[in-house]
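Trainee: Below you'll find the structure I mean.
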Amino acid sequence: MAKSIPPFCQRVHVLKDWRHVRDALQRFPPPALAVDEFGEISEPAWIFRGVGSRDYGLTPAIEREARQASLGWPALEAKLMEEFRFRAGLYLDLRNESDFELLATMQHYGVPTRLLDFTLSPLIALYFAIRAVQRTSKNGTVKFARVWAISSQVIREASGPAITQARAAQAKHDGRSESHSVSLSPCDAASDRDAIINDAKWTRNTVDHIIAADGAFRSSLNQTGCIFLAPPTSANARLAAQQGLFLLNGAHSMSFEESLKKVANARHTQPWCEAFDISPQIFEEIEKHLFQMNIHEQSLFPDVLGLAGFMNQRIRLHWS
């Protein structure tokens with residue numbers, strides 16, 4: 001078993017052959033639109049993250065870098081955002097990018113941020129888990145890889161009240177009223193189309209509000225914790241191929257794992273976080289099966305670097 005298992009992870013499975021790996025990861029239902037008991041449209045889904053060791057937790061790069069710096073992770077991230085926006089203008093047009101879009105761009109190019117990459121595909125997460133081991137193992141020392149599985153529905157249900165509470169705290173601090181008039185006219189009744197459009201707008205506005213949080217809004221999130229599910233506002237080739245999306249921490253006084261534990265564990269008794277530890281003895285077999293399923297370097301990195309990686313895979317898996 002892993003050296004330490006975060007308390008929010010209810011189940012850890014050790015998988016030692018391909019059949020068990022396939023069956024364990026493919027039992028999760030695919031994303032689907034649903035209407036809840038209040039008539040709200042939601043998109044329940046499990047999301048997945050592959051890492052190169054079962055000893056690795058859910059730690060964004062900015063938190064790891066902040067341990068070596070004299071700044072906390074929120075201050076270090078703000079400094080990096082300022083620096084990147086200034087210098088990247090030599091190569092990229094960032095004039096109209098929101099804070100979230102800026103962080104996603106930084107993440108794409110390898111700059112540390114609070115964003116934690118996830119995918120909607122458990123098999124793509126599996127690929128990245130064994131890929132990470134192959135790229136980092138030294139002297140033949142290979143550890144168990146790990147795939148994390150988290151219910152995005154639980155994250156959404158847990159983050160919503162925290163954000164509502166934080167907005168109310170900010171409104172009270174500013175002397176504003178958060179009440180809204182409700183029209184009873186049939187002409188103003190919201191349709192399913194309105195619900196989807198409004199939800200997308202709410203998500204975009206909220207993620208930027210969380211990143212730029214200050215005042216009573218930030219203080220409230222620091223008390224309750226806040227993990228937010230943030231789909232990309234626009235897809236690049238890699239994000240599209242990898243079915244990528246992000247989780248981010250809105251509580252500046254906590255680590256990602258501390259915030260995740262606080263917002264979700266207290267609200268749900270059913271398993272919403274599981275981990276799958278993959279034996280190194282079956283890495284090559286897994287890679288061959290995934291290759292047959294068109295999950296390989298070129299399909300996930302659709303550029304020349306991906307093609308080069310694909311050719312190296314062909315040599316290693318098929319031509320050696």
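Residue names in the structure tokens use chain letters A, B, ... in the order shown, residue numbers from 1 in each chain, and ligand numbers from 1 in the order shown.
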I want to know what sits within 10 Å of Phe8 in chain A, based on only C-alpha atoms, with residues of the same chain fewer than 3 positions away left out; could you give that as number ranges by chain?
Mentor: A: 5, 11, 257-258, 260-262, 264-266, 271-274
Trainee: Could you save the residues just selected, with N, CA and C atoms, as a PDB file, in the first residue's frame?
Mentor:
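To be explicit, this is the file written out as result.pdb:
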ATOM      1  N   ILE A   5      -2.049   7.609   2.605  1.00  0.00           N
ATOM      2  CA  ILE A   5      -3.249   7.759   1.783  1.00  0.00           C
ATOM      3  C   ILE A   5      -4.040   8.927   2.342  1.00  0.00           C
ATOM      4  N   ARG A  11     -11.335   4.672  -1.063  1.00  0.00           N
ATOM      5  CA  ARG A  11     -10.982   3.335  -1.523  1.00  0.00           C
ATOM      6  C   ARG A  11      -9.672   3.370  -2.308  1.00  0.00           C
ATOM      7  N   GLU A 257      -5.218  19.601  -1.094  1.00  0.00           N
ATOM      8  CA  GLU A 257      -5.767  18.436  -0.400  1.00  0.00           C
ATOM      9  C   GLU A 257      -6.533  18.827   0.863  1.00  0.00           C
ATOM     10  N   GLU A 258      -6.053  19.829   1.586  1.00  0.00           N
ATOM     11  CA  GLU A 258      -6.770  20.295   2.769  1.00  0.00           C
ATOM     12  C   GLU A 258      -8.128  20.874   2.384  1.00  0.00           C
ATOM     13  N   LEU A 260      -9.836  20.211  -0.380  1.00  0.00           N
ATOM     14  CA  LEU A 260     -10.671  19.128  -0.904  1.00  0.00           C
ATOM     15  C   LEU A 260     -11.300  18.332   0.233  1.00  0.00           C
ATOM     16  N   LYS A 261     -10.510  18.006   1.228  1.00  0.00           N
ATOM     17  CA  LYS A 261     -11.028  17.253   2.374  1.00  0.00           C
ATOM     18  C   LYS A 261     -12.138  18.031   3.079  1.00  0.00           C
ATOM     19  N   LYS A 262     -11.948  19.327   3.236  1.00  0.00           N
ATOM     20  CA  LYS A 262     -12.901  20.125   4.004  1.00  0.00           C
ATOM     21  C   LYS A 262     -14.234  20.278   3.281  1.00  0.00           C
ATOM     22  N   ALA A 264     -15.589  18.423   0.721  1.00  0.00           N
ATOM     23  CA  ALA A 264     -16.304  17.257   0.217  1.00  0.00           C
ATOM     24  C   ALA A 264     -16.558  16.181   1.259  1.00  0.00           C
ATOM     25  N   ASN A 265     -15.614  15.905   2.107  1.00  0.00           N
ATOM     26  CA  ASN A 265     -15.772  14.792   3.049  1.00  0.00           C
ATOM     27  C   ASN A 265     -16.909  15.027   4.028  1.00  0.00           C
ATOM     28  N   ALA A 266     -17.107  16.275   4.413  1.00  0.00           N
ATOM     29  CA  ALA A 266     -18.138  16.569   5.404  1.00  0.00           C
ATOM     30  C   ALA A 266     -19.546  16.449   4.836  1.00  0.00           C
ATOM     31  N   PRO A 271     -18.706   6.843  -1.472  1.00  0.00           N
ATOM     32  CA  PRO A 271     -17.374   7.050  -2.061  1.00  0.00           C
ATOM     33  C   PRO A 271     -17.422   8.023  -3.236  1.00  0.00           C
ATOM     34  N   TRP A 272     -16.587   9.021  -3.180  1.00  0.00           N
ATOM     35  CA  TRP A 272     -16.498   9.992  -4.268  1.00  0.00           C
ATOM     36  C   TRP A 272     -15.055  10.162  -4.748  1.00  0.00           C
ATOM     37  N   CYS A 273     -14.125   9.505  -4.049  1.00  0.00           N
ATOM     38  CA  CYS A 273     -12.718   9.555  -4.431  1.00  0.00           C
ATOM     39  C   CYS A 273     -12.118   8.169  -4.269  1.00  0.00           C
ATOM     40  N   GLU A 274     -11.559   7.645  -5.356  1.00  0.00           N
ATOM     41  CA  GLU A 274     -10.918   6.336  -5.323  1.00  0.00           C
ATOM     42  C   GLU A 274      -9.547   6.440  -5.982  1.00  0.00           C
TER      43      GLU A 274
END
Trainee: Excluding Leu245 in chain A and residues on its chain fewer than 5 positions from it, collect all residues at most 12 Å away from it, counting only C-alpha atoms, and give them as number ranges by chain.
Mentor: A: 45-49, 104, 107-108, 115-121, 152, 228-236, 238-240
Trainee: Let's see if you can do this: from backbone DSSP, list all strand (DSSP E) residues in range 237-269 of chain A, as a count of residues only.
Mentor: 6
Trainee: May I ask which of the residues A:Pro280, A:Gly306, A:Gly215, A:Gly175 is the closest one to Lys16 in chain A, counting only C-alpha atoms?
Mentor: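 Counting only C-alpha atoms, the residue closest to Lys16 in chain A is A:Pro280.
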Trainee: Using only C-alpha atoms, which residues sit within 12 Å of Ala75 in chain A once same-chain residues fewer than 3 positions away are excluded, as a PyMOL selection string?
Mentor: chain A and resi 62-63+65-66+69-72+78-82+113-114+211-212+252-253
Trainee: Run DSSP on the backbone and grab whatever in range 1-199 of chain A lands in helix (DSSP H, G or I); send it over as a VMD selection string.
Mentor: chain A and resid 18 to 26 61 to 66 73 to 88 99 to 108 122 to 136 152 to 174 186 to 188 192 to 199
Trainee: Excluding Arg316 in chain A and residues on its chain fewer than 5 positions from it, collect all residues at most 10 Å away from it, counting only C-alpha atoms, and give them as a ChimeraX atom specification.
Mentor: /A:284,310-311
Trainee: Check the smallest atom-to-atom distance from each of A:Glu77, A:Asp214, A:Glu297, A:Asp55 to Gly309 in chain A using only C-alpha atoms, then report the winner.
Mentor: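 Result for the nearest residue to Gly309 in chain A: A:Glu297.
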Trainee: Report the distance between CA of Gln242 in chain A and CA of Tyr91 in chain A in Å, rounded to one decimal place.
Mentor: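 Going from CA of Gln242 in chain A over to CA of Tyr91 in chain A covers 24.6 Å.
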Trainee: What is the CA of Pro6 in chain A-CA of Gly57 in chain A distance in Å, reported with one decimal?
Mentor: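 Taking CA of Pro6 in chain A and CA of Gly57 in chain A, their separation equals 7.4 Å.
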Trainee: Counting only C-alpha atoms, which residue out of A:Met254, A:Ile155, A:Cys9, A:Val207 sits closest to Pro74 in chain A?
Mentor: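 Looking at the shortest contact to Pro74 in chain A, the residue is A:Met254.
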Trainee: For the atom pair CA of His209 in chain A and CA of Arg95 in chain A, what is the interatomic distance in Å to one decimal place?
Mentor: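 Taking CA of His209 in chain A and CA of Arg95 in chain A, their separation equals 18.6 Å.
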Trainee: Gln313 in chain A: which residues within 12 Å, counting only C-alpha atoms, same-chain residues fewer than 4 positions away excluded, as a CSV table (one decimal) with N, CA, C and O atoms, in the first residue's frame?
Mentor:
chain,number,residue,atom,x,y,z
A,131,ARG,N,3.1,6.5,-18.3
A,131,ARG,CA,4.1,7.4,-19.0
A,131,ARG,C,4.9,8.1,-18.1
A,131,ARG,O,6.1,8.3,-18.3
A,134,GLN,N,7.7,5.9,-16.7
A,134,GLN,CA,8.7,5.6,-17.7
A,134,GLN,C,9.6,6.8,-17.9
A,134,GLN,O,10.8,6.6,-18.1
A,284,GLU,N,4.1,-2.6,-19.7
A,284,GLU,CA,4.2,-2.8,-21.1
A,284,GLU,C,3.0,-3.4,-21.7
A,284,GLU,O,2.6,-3.0,-22.8
A,287,GLU,N,0.5,-0.7,-22.0
A,287,GLU,CA,0.8,0.3,-23.1
A,287,GLU,C,0.4,-0.3,-24.5
A,287,GLU,O,-0.1,0.3,-25.4
A,288,LYS,N,0.6,-1.6,-24.6
A,288,LYS,CA,0.3,-2.3,-25.9
A,288,LYS,C,-1.2,-2.3,-26.1
A,288,LYS,O,-1.7,-2.1,-27.2
A,290,LEU,N,-3.4,-0.2,-24.8
A,290,LEU,CA,-3.8,1.2,-25.1
A,290,LEU,C,-3.5,1.6,-26.5
A,290,LEU,O,-4.2,2.4,-27.1
A,291,PHE,N,-2.3,1.2,-27.0
A,291,PHE,CA,-1.9,1.5,-28.3
A,291,PHE,C,-2.9,1.0,-29.3
A,291,PHE,O,-3.3,1.7,-30.3
A,295,ILE,N,-4.7,5.0,-28.1
A,295,ILE,CA,-4.2,5.9,-27.0
A,295,ILE,C,-2.7,5.8,-27.0
A,295,ILE,O,-2.2,4.8,-26.5
A,296,HIS,N,-2.1,6.8,-27.6
A,296,HIS,CA,-0.6,6.7,-27.7
A,296,HIS,C,-0.1,8.2,-27.9
A,296,HIS,O,-0.9,9.1,-27.8
A,297,GLU,N,1.2,8.3,-28.1
A,297,GLU,CA,1.8,9.7,-28.1
A,297,GLU,C,1.2,10.6,-29.1
A,297,GLU,O,0.9,11.7,-28.9
A,298,GLN,N,1.0,10.1,-30.3
A,298,GLN,CA,0.6,10.9,-31.4
A,298,GLN,C,-0.9,11.3,-31.2
A,298,GLN,O,-1.3,12.4,-31.6
A,306,GLY,N,4.7,14.8,-30.6
A,306,GLY,CA,3.9,13.6,-30.4
A,306,GLY,C,4.2,12.6,-31.5
A,306,GLY,O,4.2,11.4,-31.1
A,307,LEU,N,4.4,13.0,-32.7
A,307,LEU,CA,4.8,12.0,-33.7
A,307,LEU,C,6.1,11.4,-33.4
A,307,LEU,O,6.3,10.1,-33.6
A,308,ALA,N,7.1,12.2,-32.9
A,308,ALA,CA,8.4,11.6,-32.6
A,308,ALA,C,8.2,10.6,-31.4
A,308,ALA,O,8.8,9.5,-31.4
A,309,GLY,N,7.4,10.9,-30.4
A,309,GLY,CA,7.1,10.0,-29.4
A,309,GLY,C,6.5,8.7,-29.9
A,309,GLY,O,6.8,7.6,-29.4
A,317,LEU,N,7.7,-1.0,-28.7
A,317,LEU,CA,6.6,-2.0,-28.5
A,317,LEU,C,6.6,-3.0,-29.6
A,317,LEU,O,6.1,-4.1,-29.4
A,318,HIS,N,6.9,-2.6,-30.8
A,318,HIS,CA,6.6,-3.5,-32.0
A,318,HIS,C,7.8,-3.9,-32.8
A,318,HIS,O,7.8,-4.9,-33.5
A,319,TRP,N,8.9,-3.1,-32.7
A,319,TRP,CA,10.0,-3.4,-33.7
A,319,TRP,C,11.3,-4.0,-32.9
A,319,TRP,O,12.2,-4.3,-33.6
A,320,SER,N,11.2,-4.0,-31.6
A,320,SER,CA,12.4,-4.5,-30.9
A,320,SER,C,12.4,-6.0,-30.9
A,320,SER,O,11.4,-6.6,-30.8
Trainee: Using only C-alpha atoms, pick whichever of A:Ala168, A:Val133, A:Leu247, A:Ala145 has the shortest atom-to-atom distance to Val21 in chain A.
Mentor: A:Ala145
Trainee: Counting only C-alpha atoms, which residue out of A:Gln10, A:Ser219, A:Gln292, A:Gln68 sits closest to Ala169 in chain A?
Mentor: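 Of all the options, A:Ser219 lies closest to Ala169 in chain A.
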